[in-house]
$ cat structure_1.txt   # compact mmCIF, C-alpha atoms and all ligand atoms
# COMPACT_ATOMS: atom_id res chain seq x y z
CA MET F 1 -30.04 12.31 9.14
CA GLY F 2 -33.00 13.76 7.22
CA PRO F 3 -34.94 11.72 4.66
CA LEU F 4 -33.78 14.02 1.87
CA VAL F 5 -30.14 13.32 2.61
CA THR F 6 -30.83 9.57 2.79
CA LEU F 7 -32.57 9.73 -0.56
CA LEU F 8 -29.71 11.69 -2.09
CA ILE F 9 -27.17 9.18 -0.85
CA GLY F 10 -29.27 6.36 -2.27
CA LEU F 11 -29.44 8.05 -5.66
CA VAL F 12 -25.74 8.84 -5.74
CA SER F 13 -24.75 5.30 -4.79
CA LEU F 14 -27.08 3.74 -7.33
CA THR F 15 -25.57 5.64 -10.19
CA VAL F 16 -21.94 4.91 -9.41
CA ALA F 17 -19.78 1.95 -10.26
CA LEU F 18 -16.09 2.51 -10.71
CA ASP F 19 -15.09 -0.65 -12.50
CA ASN F 20 -12.64 0.73 -15.03
CA GLY F 21 -10.25 -2.18 -14.85
CA LEU F 22 -7.60 -0.32 -12.85
CA LEU F 23 -5.59 -1.69 -9.94
CA LYS F 24 -6.34 -5.37 -10.42
CA THR F 25 -3.35 -5.76 -8.10
CA PRO F 26 -2.43 -3.28 -5.33
CA PRO F 27 -0.88 -0.04 -6.64
CA MET F 28 2.88 0.39 -6.37
CA GLY F 29 4.77 3.63 -6.41
CA TRP F 30 6.05 6.55 -4.40
CA MET F 31 4.22 9.27 -2.47
CA ALA F 32 5.56 12.44 -0.90
CA TRP F 33 3.74 12.70 2.39
CA GLU F 34 5.33 10.58 5.12
CA ARG F 35 8.90 11.59 4.27
CA PHE F 36 8.51 15.15 2.92
CA ARG F 37 5.28 16.29 4.63
CA CYS F 38 4.37 19.93 4.04
CA ASP F 39 7.87 21.29 3.60
CA ILE F 40 7.35 24.37 1.45
CA ASP F 41 10.54 26.13 2.51
CA CYS F 42 12.33 25.97 -0.81
CA LYS F 43 14.66 28.76 0.17
CA ASP F 44 16.29 27.00 3.10
CA ASP F 45 15.49 23.42 2.14
CA PRO F 46 15.53 23.23 -1.65
CA GLU F 47 16.26 19.48 -1.74
CA ASN F 48 13.28 18.48 0.32
CA CYS F 49 10.56 21.02 -0.30
CA ILE F 50 7.36 20.13 -2.17
CA ARG F 51 8.02 21.37 -5.67
CA GLU F 52 8.19 19.98 -9.18
CA GLU F 53 11.90 19.08 -8.97
CA LEU F 54 11.17 16.65 -6.13
CA PHE F 55 8.68 14.72 -8.26
CA ARG F 56 10.89 14.80 -11.35
CA ASP F 57 13.80 13.50 -9.29
CA MET F 58 11.71 10.68 -7.89
CA ALA F 59 10.44 9.79 -11.37
CA ASN F 60 14.05 9.61 -12.55
CA ARG F 61 15.03 7.41 -9.66
CA LEU F 62 12.07 5.06 -10.24
CA VAL F 63 13.17 4.58 -13.83
CA GLU F 64 16.93 4.50 -13.38
CA ASP F 65 17.24 2.48 -10.19
CA GLY F 66 15.19 -0.54 -11.18
CA TRP F 67 11.90 0.34 -9.47
CA LYS F 68 9.73 0.72 -12.52
CA GLU F 69 10.51 -2.71 -13.91
CA LEU F 70 9.42 -4.22 -10.60
CA GLY F 71 6.06 -2.46 -10.81
CA TYR F 72 6.59 0.77 -8.86
CA GLU F 73 4.89 3.10 -11.32
CA TYR F 74 2.93 5.86 -9.55
CA VAL F 75 4.56 9.15 -8.54
CA ILE F 76 2.05 10.73 -6.18
CA ILE F 77 1.88 14.34 -5.05
CA ASP F 78 0.34 14.75 -1.59
CA ASP F 79 -0.87 17.84 0.27
CA CYS F 80 0.68 21.33 -0.09
CA TRP F 81 1.05 21.49 -3.89
CA MET F 82 -1.70 24.06 -4.36
CA SER F 83 -1.87 27.77 -4.59
CA MET F 84 -3.98 29.26 -1.79
CA GLN F 85 -6.35 30.61 -4.46
CA ARG F 86 -8.32 28.94 -7.21
CA ASP F 87 -7.87 30.55 -10.64
CA ASN F 88 -10.39 32.99 -12.11
CA GLN F 89 -12.39 30.09 -13.54
CA GLY F 90 -12.64 28.41 -10.16
CA ARG F 91 -10.05 25.73 -10.88
CA LEU F 92 -7.40 24.49 -8.48
CA GLN F 93 -3.94 25.59 -9.50
CA PRO F 94 -0.47 24.68 -8.28
CA ASP F 95 1.67 27.10 -6.31
CA ALA F 96 3.31 29.07 -9.09
CA SER F 97 6.71 29.45 -7.48
CA ARG F 98 7.08 25.76 -6.62
CA PHE F 99 5.41 24.32 -9.74
CA PRO F 100 6.24 26.92 -12.39
CA GLY F 101 5.77 24.39 -15.21
CA GLY F 102 2.29 23.38 -14.01
CA ILE F 103 0.92 19.93 -13.32
CA ALA F 104 0.19 19.04 -16.95
CA LYS F 105 3.86 19.47 -17.78
CA LEU F 106 4.86 17.37 -14.80
CA ALA F 107 2.41 14.67 -15.88
CA GLU F 108 3.99 14.70 -19.31
CA TYR F 109 7.44 14.32 -17.79
CA VAL F 110 6.26 11.37 -15.73
CA HIS F 111 4.40 9.77 -18.66
CA ASP F 112 7.41 10.16 -20.94
CA ARG F 113 9.23 7.86 -18.56
CA GLY F 114 6.48 5.24 -18.60
CA LEU F 115 5.21 6.21 -15.15
CA LYS F 116 1.90 7.57 -13.85
CA LEU F 117 1.13 10.72 -11.88
CA GLY F 118 -1.02 10.91 -8.77
CA ILE F 119 -2.38 14.01 -7.06
CA TYR F 120 -4.05 14.94 -3.78
CA ALA F 121 -7.27 16.77 -3.01
CA ASP F 122 -9.52 16.98 0.01
CA MET F 123 -13.26 16.47 0.34
CA GLY F 124 -13.96 19.48 2.56
CA THR F 125 -13.44 23.18 2.93
CA GLN F 126 -9.65 22.91 3.25
CA THR F 127 -6.99 20.21 2.94
CA CYS F 128 -5.51 18.89 6.18
CA MET F 129 -2.74 21.47 5.87
CA GLY F 130 -5.11 24.36 5.07
CA PHE F 131 -4.95 24.56 1.26
CA PRO F 132 -8.13 24.91 -0.82
CA GLY F 133 -10.53 22.02 -0.35
CA THR F 134 -13.01 20.43 -2.72
CA THR F 135 -16.50 21.22 -1.46
CA LEU F 136 -19.47 19.42 -3.02
CA ASP F 137 -19.99 22.15 -5.61
CA LYS F 138 -16.35 21.88 -6.74
CA ILE F 139 -16.17 18.13 -7.26
CA GLU F 140 -16.96 18.15 -10.95
CA ILE F 141 -14.62 20.94 -11.88
CA ASP F 142 -11.77 19.43 -9.88
CA ALA F 143 -12.22 16.00 -11.48
CA GLN F 144 -12.20 17.66 -14.90
CA THR F 145 -9.13 19.71 -14.07
CA PHE F 146 -7.19 16.64 -12.94
CA ALA F 147 -8.21 14.71 -16.05
CA SER F 148 -7.26 17.63 -18.30
CA TRP F 149 -3.79 17.66 -16.73
CA GLY F 150 -3.35 13.94 -17.41
CA VAL F 151 -3.51 12.82 -13.80
CA ASP F 152 -3.76 9.03 -13.30
CA TYR F 153 -4.50 8.69 -9.58
CA LEU F 154 -6.38 10.80 -7.05
CA LYS F 155 -5.93 10.59 -3.29
CA PHE F 156 -9.10 12.18 -1.94
CA ASP F 157 -8.61 13.11 1.71
CA GLY F 158 -11.38 14.01 4.15
CA CYS F 159 -10.23 16.78 6.50
CA ASN F 160 -12.66 19.60 7.22
CA SER F 161 -15.90 17.93 6.16
CA ASN F 162 -18.69 16.24 8.08
CA PRO F 163 -19.95 12.66 7.64
CA VAL F 164 -22.92 13.74 5.53
CA GLU F 165 -20.71 15.73 3.16
CA GLN F 166 -18.37 12.75 2.96
CA MET F 167 -21.23 10.39 2.22
CA LEU F 168 -22.25 12.60 -0.66
CA GLY F 169 -18.82 13.70 -1.81
CA TYR F 170 -16.93 10.43 -2.15
CA PRO F 171 -19.48 8.79 -4.49
CA LEU F 172 -19.88 12.05 -6.42
CA MET F 173 -16.14 12.28 -7.03
CA SER F 174 -16.16 8.69 -8.26
CA LYS F 175 -18.88 9.57 -10.70
CA ALA F 176 -17.14 12.75 -11.77
CA LEU F 177 -13.85 10.93 -12.39
CA ASN F 178 -15.70 8.31 -14.45
CA ALA F 179 -17.39 11.04 -16.44
CA THR F 180 -14.05 12.50 -17.51
CA GLY F 181 -13.41 9.37 -19.57
CA ARG F 182 -9.84 9.22 -18.30
CA PRO F 183 -8.98 6.10 -16.26
CA ILE F 184 -8.05 7.56 -12.88
CA ALA F 185 -7.30 5.37 -9.88
CA TYR F 186 -9.33 6.63 -6.94
CA SER F 187 -8.04 6.41 -3.37
CA CYS F 188 -10.60 7.35 -0.72
CA SER F 189 -9.65 8.41 2.79
CA TRP F 190 -13.32 8.34 3.81
CA PRO F 191 -13.27 5.29 6.15
CA ALA F 192 -10.37 6.74 8.15
CA TYR F 193 -12.59 9.73 9.03
CA VAL F 194 -15.49 7.66 10.34
CA GLY F 195 -13.74 5.05 12.47
CA GLY F 196 -12.82 2.57 9.75
CA LEU F 197 -15.38 -0.07 10.65
CA PRO F 198 -18.99 -1.05 9.94
CA PRO F 199 -21.65 0.06 10.55
CA ASN F 200 -20.15 3.54 10.06
CA VAL F 201 -18.29 2.33 6.99
CA ASN F 202 -20.16 0.60 4.19
CA TYR F 203 -17.39 -1.44 2.60
CA SER F 204 -19.45 -2.78 -0.26
CA LEU F 205 -20.33 0.76 -1.33
CA LEU F 206 -16.68 1.76 -1.01
CA ALA F 207 -15.56 -1.17 -3.12
CA ASP F 208 -18.02 -0.05 -5.80
CA ILE F 209 -16.79 3.52 -5.92
CA CYS F 210 -13.08 3.49 -4.94
CA HIS F 211 -10.07 1.38 -5.90
CA LEU F 212 -8.50 1.69 -2.48
CA TRP F 213 -9.21 3.34 0.80
CA ARG F 214 -7.38 4.44 3.91
CA ASN F 215 -9.02 2.69 6.87
CA TYR F 216 -6.99 3.95 9.77
CA ASN F 217 -4.44 6.38 11.24
CA ASP F 218 -1.54 7.92 9.35
CA ILE F 219 1.70 6.00 9.48
CA GLN F 220 4.61 7.74 11.23
CA ASP F 221 8.32 7.04 11.08
CA SER F 222 8.47 4.49 13.91
CA TRP F 223 8.14 0.77 14.62
CA ASP F 224 5.44 1.65 17.18
CA SER F 225 3.37 3.15 14.42
CA VAL F 226 3.88 0.14 12.12
CA GLN F 227 2.96 -2.26 14.94
CA ASN F 228 -0.09 -0.23 15.84
CA ILE F 229 -1.31 -0.38 12.25
CA ILE F 230 -0.66 -4.13 11.93
CA GLU F 231 -2.49 -4.67 15.21
CA TRP F 232 -5.55 -2.66 14.20
CA PHE F 233 -5.82 -4.37 10.83
CA SER F 234 -5.40 -7.81 12.41
CA GLN F 235 -7.86 -7.22 15.20
CA ASN F 236 -10.43 -6.10 12.65
CA GLN F 237 -9.55 -8.60 9.95
CA ASP F 238 -12.95 -10.29 10.00
CA GLU F 239 -14.50 -7.03 8.82
CA LEU F 240 -11.68 -5.84 6.57
CA GLN F 241 -10.14 -8.88 4.92
CA PRO F 242 -13.19 -9.94 2.86
CA THR F 243 -13.64 -6.44 1.43
CA ALA F 244 -10.34 -6.56 -0.50
CA GLY F 245 -9.91 -8.02 -3.96
CA PRO F 246 -8.81 -7.04 -7.45
CA GLY F 247 -9.63 -3.34 -7.93
CA ARG F 248 -10.58 -2.85 -4.25
CA TRP F 249 -7.88 -2.63 -1.59
CA ASN F 250 -7.55 -1.74 2.06
CA ASP F 251 -4.71 0.74 2.53
CA PRO F 252 -2.71 0.57 5.77
CA ASP F 253 -0.67 3.55 4.47
CA MET F 254 2.79 4.13 3.04
CA LEU F 255 5.96 2.06 3.26
CA ILE F 256 8.43 3.97 5.44
CA ILE F 257 11.40 1.69 4.70
CA GLY F 258 14.58 3.67 4.08
CA ASN F 259 13.73 6.49 6.49
CA PHE F 260 14.86 6.94 10.08
CA GLY F 261 12.53 5.00 12.34
CA LEU F 262 12.89 1.31 11.45
CA SER F 263 15.73 -1.12 12.04
CA LEU F 264 16.56 -3.55 9.24
CA GLU F 265 14.51 -6.28 10.88
CA GLN F 266 11.57 -3.93 11.29
CA ALA F 267 11.86 -2.80 7.69
CA ARG F 268 11.67 -6.44 6.56
CA SER F 269 8.68 -6.89 8.82
CA GLN F 270 6.82 -3.97 7.26
CA MET F 271 7.49 -5.31 3.77
CA ALA F 272 6.43 -8.86 4.66
CA LEU F 273 3.25 -7.77 6.41
CA TRP F 274 2.29 -5.37 3.62
CA ALA F 275 2.71 -8.31 1.23
CA ILE F 276 0.44 -10.49 3.36
CA MET F 277 -2.15 -7.70 3.71
CA ALA F 278 -2.32 -7.12 -0.08
CA ALA F 279 -1.52 -3.50 0.78
CA PRO F 280 -0.57 -0.80 -1.70
CA LEU F 281 3.23 -0.73 -1.97
CA ILE F 282 3.60 3.02 -1.98
CA MET F 283 6.92 4.12 -0.58
CA SER F 284 7.47 7.45 1.07
CA ASN F 285 11.21 7.84 1.36
CA ASN F 286 14.09 9.64 -0.25
CA LEU F 287 14.91 7.57 -3.31
CA ARG F 288 17.90 9.81 -4.03
CA ASN F 289 19.93 8.42 -1.17
CA LEU F 290 18.35 5.14 -0.16
CA ASP F 291 20.85 2.71 1.29
CA ASN F 292 21.36 -0.69 -0.27
CA SER F 293 19.69 -2.69 2.45
CA ALA F 294 16.48 -0.64 2.26
CA ARG F 295 16.58 -0.95 -1.52
CA ALA F 296 17.03 -4.74 -1.30
CA ILE F 297 14.00 -5.06 0.96
CA LEU F 298 11.77 -2.82 -1.14
CA GLN F 299 12.90 -4.51 -4.34
CA ASN F 300 12.57 -8.02 -2.99
CA LYS F 301 10.87 -10.04 -5.69
CA ALA F 302 9.39 -12.60 -3.33
CA ALA F 303 7.63 -9.97 -1.27
CA ILE F 304 6.47 -8.10 -4.37
CA GLY F 305 5.32 -11.34 -6.02
CA ILE F 306 3.27 -12.26 -2.98
CA ASN F 307 1.85 -8.75 -2.69
CA GLN F 308 0.88 -8.70 -6.38
CA ASP F 309 -0.65 -12.17 -6.50
CA PRO F 310 -3.37 -12.04 -9.19
CA MET F 311 -6.00 -13.73 -7.04
CA GLY F 312 -5.88 -10.67 -4.80
CA ILE F 313 -6.98 -12.34 -1.57
CA GLN F 314 -5.87 -10.40 1.49
CA GLY F 315 -4.10 -12.45 4.15
CA ARG F 316 -4.90 -12.86 7.82
CA ARG F 317 -3.27 -13.27 11.20
CA LEU F 318 -3.62 -16.97 12.04
CA LEU F 319 -2.11 -17.16 15.48
CA GLN F 320 -0.87 -15.07 18.35
CA GLU F 321 1.27 -17.19 20.62
CA THR F 322 1.88 -16.35 24.25
CA SER F 323 5.57 -16.33 23.28
CA HIS F 324 4.78 -13.16 21.27
CA ILE F 325 5.30 -14.96 17.99
CA GLU F 326 2.55 -14.31 15.47
CA VAL F 327 1.81 -16.23 12.30
CA TYR F 328 0.25 -14.61 9.24
CA TRP F 329 -1.00 -16.44 6.17
CA ARG F 330 -2.11 -15.49 2.69
CA PRO F 331 -3.53 -17.85 0.05
CA LEU F 332 -2.00 -17.36 -3.39
CA SER F 333 -2.65 -18.49 -6.94
CA TYR F 334 -1.89 -22.06 -8.02
CA SER F 335 -2.60 -23.49 -4.55
CA ALA F 336 0.46 -21.72 -3.18
CA SER F 337 0.44 -19.63 -0.02
CA ALA F 338 2.65 -17.36 2.04
CA LEU F 339 3.42 -17.61 5.73
CA VAL F 340 4.99 -14.87 7.80
CA PHE F 341 6.34 -15.58 11.27
CA LEU F 342 6.62 -12.27 13.15
CA SER F 343 8.40 -11.86 16.45
CA ARG F 344 7.09 -9.17 18.77
CA ARG F 345 9.81 -10.09 21.24
CA THR F 346 12.60 -7.77 22.33
CA ASP F 347 15.20 -10.23 23.60
CA MET F 348 16.93 -12.52 21.10
CA PRO F 349 16.17 -14.76 18.11
CA PHE F 350 13.37 -17.11 19.11
CA LEU F 351 13.14 -20.74 18.05
CA TYR F 352 9.53 -21.35 17.13
CA HIS F 353 8.47 -24.99 16.82
CA THR F 354 5.45 -25.85 14.74
CA SER F 355 4.19 -27.85 11.74
CA LEU F 356 2.10 -26.97 8.71
CA ALA F 357 -0.75 -29.05 10.16
CA LYS F 358 -0.72 -26.82 13.24
CA LEU F 359 -1.04 -23.88 10.85
CA HIS F 360 -4.19 -25.43 9.35
CA TYR F 361 -2.58 -26.88 6.22
CA ASP F 362 -4.14 -30.01 4.72
CA ALA F 363 -2.32 -33.31 4.89
CA GLY F 364 0.18 -33.70 2.05
CA ASN F 365 3.69 -32.86 0.94
CA TYR F 366 4.89 -29.34 0.41
CA GLU F 367 7.87 -27.45 -0.85
CA VAL F 368 8.96 -24.28 0.87
CA PHE F 369 10.88 -21.45 -0.65
CA PHE F 370 12.67 -18.99 1.63
CA THR F 371 15.94 -17.11 1.95
CA GLY F 372 16.90 -18.02 -1.57
CA LYS F 373 16.51 -21.79 -1.35
CA THR F 374 13.87 -24.45 -1.80
CA VAL F 375 13.24 -27.16 0.73
CA ALA F 376 11.31 -30.15 -0.57
CA GLY F 377 9.56 -33.02 1.17
CA LEU F 378 7.89 -31.17 4.00
CA ASN F 379 4.94 -33.22 5.17
CA ALA F 380 2.07 -31.35 6.80
CA SER F 381 2.84 -33.13 10.05
CA THR F 382 6.64 -32.59 9.93
CA GLU F 383 7.72 -30.63 12.98
CA PHE F 384 10.06 -27.78 12.09
CA THR F 385 11.75 -24.89 13.83
CA VAL F 386 11.96 -21.33 12.62
CA SER F 387 14.37 -18.84 14.14
CA ILE F 388 12.85 -15.36 14.23
CA ASN F 389 14.80 -12.26 15.21
CA PRO F 390 13.30 -9.69 17.61
CA SER F 391 10.86 -7.42 15.69
CA GLY F 392 11.77 -9.42 12.61
CA VAL F 393 10.07 -11.87 10.31
CA VAL F 394 10.63 -15.07 8.43
CA MET F 395 8.63 -15.28 5.24
CA TRP F 396 7.83 -18.53 3.47
CA TYR F 397 6.36 -19.21 0.05
CA ILE F 398 4.76 -22.68 0.13
CA TYR F 399 3.33 -24.89 -2.56
CA PRO F 400 2.15 -28.49 -2.77
CA GLU F 401 4.83 -30.84 -3.99
CA PRO F 402 4.10 -32.18 -7.46
CA SER F 403 3.68 -35.92 -7.86
CA LYS F 404 6.80 -37.85 -8.88
CA GLN F 405 5.52 -38.72 -12.37
CA THR F 406 4.08 -35.43 -13.49
CA ASP F 407 5.78 -32.12 -13.67
CA THR F 408 2.51 -30.27 -13.72
CA LEU F 409 1.86 -26.87 -15.21
CA ASP F 410 1.41 -25.52 -11.71
CA HIS F 411 4.82 -26.74 -10.73
CA GLN F 412 6.36 -25.11 -13.76
CA HIS F 413 4.73 -21.94 -12.60
CA TYR F 414 6.30 -22.28 -9.16
CA LYS F 415 9.66 -22.85 -10.70
CA ALA F 416 9.25 -19.81 -12.90
CA SER F 417 8.26 -17.68 -9.97
CA ARG F 418 11.17 -18.59 -7.74
CA PHE F 419 12.36 -15.55 -6.01
CA SER F 420 14.34 -14.83 -2.93
CA PHE F 421 13.07 -13.03 0.07
CA HIS F 422 16.00 -12.29 2.35
CA LYS F 423 18.37 -12.37 -0.56
CA ALA F 424 20.93 -10.18 1.12
CA LYS F 425 21.70 -12.77 3.78
CA PRO F 426 20.72 -16.23 2.56
CA GLY F 427 20.11 -18.82 5.20
CA ARG F 428 20.32 -16.47 8.11
CA HIS F 429 16.71 -16.34 9.10
CA ALA F 430 15.24 -19.75 9.15
CA VAL F 431 16.17 -23.31 9.77
CA LEU F 432 14.12 -26.38 9.06
C1 LIG T 1 -3.97 13.31 6.18
C2 LIG T 1 -3.69 12.04 5.40
C3 LIG T 1 -2.20 11.92 5.15
C4 LIG T 1 -1.70 13.12 4.38
C5 LIG T 1 -2.06 14.39 5.13
C6 LIG T 1 -1.76 15.64 4.32
O1 LIG T 1 -3.45 13.28 7.46
O2 LIG T 1 -4.17 10.91 6.07
O3 LIG T 1 -1.91 10.73 4.43
O4 LIG T 1 -2.30 13.12 3.11
O5 LIG T 1 -3.43 14.43 5.49
O6 LIG T 1 -2.10 16.80 4.97

$ encode --input "structure_1.txt" --output "structure tokens"
Amino acid sequence: MGPLVTLLIGLVSLTVALDNGLLKTPPMGWMAWERFRCDIDCKDDPENCIREELFRDMANRLVEDGWKELGYEYVIIDDCWMSMQRDNQGRLQPDASRFPGGIAKLAEYVHDRGLKLGIYADMGTQTCMGFPGTTLDKIEIDAQTFASWGVDYLKFDGCNSNPVEQMLGYPLMSKALNATGRPIAYSCSWPAYVGGLPPNVNYSLLADICHLWRNYNDIQDSWDSVQNIIEWFSQNQDELQPTAGPGRWNDPDMLIIGNFGLSLEQARSQMALWAIMAAPLIMSNNLRNLDNSARAILQNKAAIGINQDPMGIQGRRLLQETSHIEVYWRPLSYSASALVFLSRRTDMPFLYHTSLAKLHYDAGNYEVFFTGKTVAGLNASTEFTVSINPSGVVMWYIYPEPSKQTDTLDHQHYKASRFSFHKAKPGRHAVL
């Protein structure tokens, strides 16, 4: 890299700080890509093609089916919304036949329902699917265009650019978004294009300029894909976990619950692990015909509560047993924490014997909340057994037991935040 480029990067990074108060907890919402991809065949597939009706439908579902009140608020357009040509003033424009009302009108529709609109662009000559890209000279105009439409969230992909262009472009877009004066959440795919790890990725720079970032491969509709993502994030947790916090999140990609590739157990596992990883809860599924079990998992208040914990500390994998049981842990506000027991087995429910002390908890008494009930009087050294289904999880919310005399403020908080994880089938997943 030449000295001029290094100097430029230095200057760009010095002048950027995207601390506009957005995304103090991981974003929640819905995004088109994993489920609807680049389907632009509105003639033969009108229900599923990328056009304004799809986004209006999803906005309606978010509001009417109880998603919005749980925090799912972003409706995010992905690739394939654009016209192949910029307009005569050099601005991106939507495909006129699929978005006849334009993006500003769609944003208004979404805002009228108390939701927020996200959009997709690509740092490079073309998007991943070959639509017009945002080269360095177009960054400012594209940021201004999105702001003028009332966009609230930008996913900035990185196909068809080189590492030097990315190093210049991602900070420049951050600056350009800031300069519009509109608070726009900024999701950067940059790390995913340069291996996802230091030294190629400078996570402290990223945390200064982006609210979230894609670190790794695209999720696909399969348990293999989910496992592969969990594995990569866990193996690299020493690098990745400390970079997350309020306003700065690692993004292991969309929730695929409700699609075709996951069993119920696997769907619960994705939700539980995404909660532990403080991951964005951005679904990509068909909200028009989601079945009740998928809905119950995605709307599970325990998982959402853990995911949205205000302290914003990402969790970690604590243990990998030779039995193929793994234990994940996330510290939460008010001295509480979450534990997830994941089975990578493929035979039958496994009885896992352990104690909180073995999971590095301090001596003391704890209460555990799971499957809709509270169990009190668990000493750190108490041996207990958890039954974990193949490719399934058991998720616990744990907090120190209050002393007999005082019902402390913290305890009142725990009581207030009681929620049920596997609400659909209480008591089925764990025994003490
Ligand atoms: C990349 C991204 C995906 C999606 C597609 C669209 O692969 O990682 O999330 O946005 O591009 O083409």

$ residues_around --input "structure_1.txt" --residues "Val151 in chain F" --least-positions-apart "6" --cutoff "8 Å" --atoms "only C-alpha atoms" --output "list in words"
Ala104, Ala107, Lys116, Leu117, Gly118, Ile119 and Ile184 of chain F

$ write_last_selection --input "structure_1.txt" --atoms "C-alpha atoms" --output "tab-separated table (two decimals), keeping the file's coordinate frame"
chain	number	residue	atom	x	y	z
F	104	ALA	CA	0.19	19.04	-16.95
F	107	ALA	CA	2.41	14.67	-15.88
F	116	LYS	CA	1.90	7.57	-13.85
F	117	LEU	CA	1.13	10.72	-11.88
F	118	GLY	CA	-1.02	10.91	-8.77
F	119	ILE	CA	-2.38	14.01	-7.06
F	184	ILE	CA	-8.05	7.56	-12.88

$ residues_around --input "structure_1.txt" --residues "Pro191 in chain F" --least-positions-apart "6" --cutoff "8 Å" --atoms "only C-alpha atoms" --output "VMD selection string"
chain F and resid 197 201 213 to 216

$ write_last_selection --input "structure_1.txt" --atoms "C-alpha atoms" --output "short mmCIF file (atom, residue, chain, number, x, y, z; two decimals), in the coordinates of the input"
data_model
loop_
_atom_site.label_atom_id
_atom_site.label_comp_id
_atom_site.auth_asym_id
_atom_site.auth_seq_id
_atom_site.Cartn_x
_atom_site.Cartn_y
_atom_site.Cartn_z
CA LEU F 197 -15.38 -0.07 10.65
CA VAL F 201 -18.29 2.33 6.99
CA TRP F 213 -9.21 3.34 0.80
CA ARG F 214 -7.38 4.44 3.91
CA ASN F 215 -9.02 2.69 6.87
CA TYR F 216 -6.99 3.95 9.77
#

$ closest_residue --input "structure_1.txt" --among "F:Gly114, F:Pro27, F:Pro171, F:Pro252" --to "ligand LIG 1 (chain T)" --atoms "only C-alpha atoms and all ligand atoms"
F:Pro252

$ closest_residue --input "structure_1.txt" --among "F:Asp112, F:Asp142, F:Glu383, F:Asp218" --to "ligand LIG 1 (chain T)" --atoms "all atoms listed in the file"
F:Asp218

$ axis_aligned_box --input "structure_1.txt" --around "range 37-41 of chain F" --padding-each-side "5 Å" --output "AutoDock Vina command-line options"
--center_x 7.5 --center_y 21.2 --center_z 3.0 --size_x 16.2 --size_y 19.8 --size_z 13.2

$ decode --input "structure_1.txt" --residues "range 56-78 of chain F" --atoms "C-alpha atoms" --output "PDB file, in the first residue's frame"
ATOM      1  CA  ARG F  56     -45.645  -3.201   2.832  1.00  0.00           C
ATOM      2  CA  ASP F  57     -46.961  -6.668   3.631  1.00  0.00           C
ATOM      3  CA  MET F  58     -44.116  -7.337   6.022  1.00  0.00           C
ATOM      4  CA  ALA F  59     -44.621  -3.950   7.700  1.00  0.00           C
ATOM      5  CA  ASN F  60     -48.287  -4.841   8.188  1.00  0.00           C
ATOM      6  CA  ARG F  61     -47.418  -8.200   9.648  1.00  0.00           C
ATOM      7  CA  LEU F  62     -44.860  -6.667  12.036  1.00  0.00           C
ATOM      8  CA  VAL F  63     -47.514  -4.328  13.370  1.00  0.00           C
ATOM      9  CA  GLU F  64     -50.517  -6.637  13.376  1.00  0.00           C
ATOM     10  CA  ASP F  65     -48.947  -9.864  14.582  1.00  0.00           C
ATOM     11  CA  GLY F  66     -47.291  -8.590  17.732  1.00  0.00           C
ATOM     12  CA  TRP F  67     -43.727  -8.174  16.444  1.00  0.00           C
ATOM     13  CA  LYS F  68     -43.411  -4.442  16.774  1.00  0.00           C
ATOM     14  CA  GLU F  69     -44.327  -4.357  20.446  1.00  0.00           C
ATOM     15  CA  LEU F  70     -41.555  -6.871  21.113  1.00  0.00           C
ATOM     16  CA  GLY F  71     -38.996  -4.633  19.418  1.00  0.00           C
ATOM     17  CA  TYR F  72     -38.914  -5.893  15.828  1.00  0.00           C
ATOM     18  CA  GLU F  73     -38.965  -2.503  14.132  1.00  0.00           C
ATOM     19  CA  TYR F  74     -36.755  -2.433  11.012  1.00  0.00           C
ATOM     20  CA  VAL F  75     -38.087  -3.460   7.586  1.00  0.00           C
ATOM     21  CA  ILE F  76     -34.966  -3.839   5.475  1.00  0.00           C
ATOM     22  CA  ILE F  77     -34.731  -3.977   1.701  1.00  0.00           C
ATOM     23  CA  ASP F  78     -31.754  -6.008   0.468  1.00  0.00           C
TER      24      ASP F  78
END
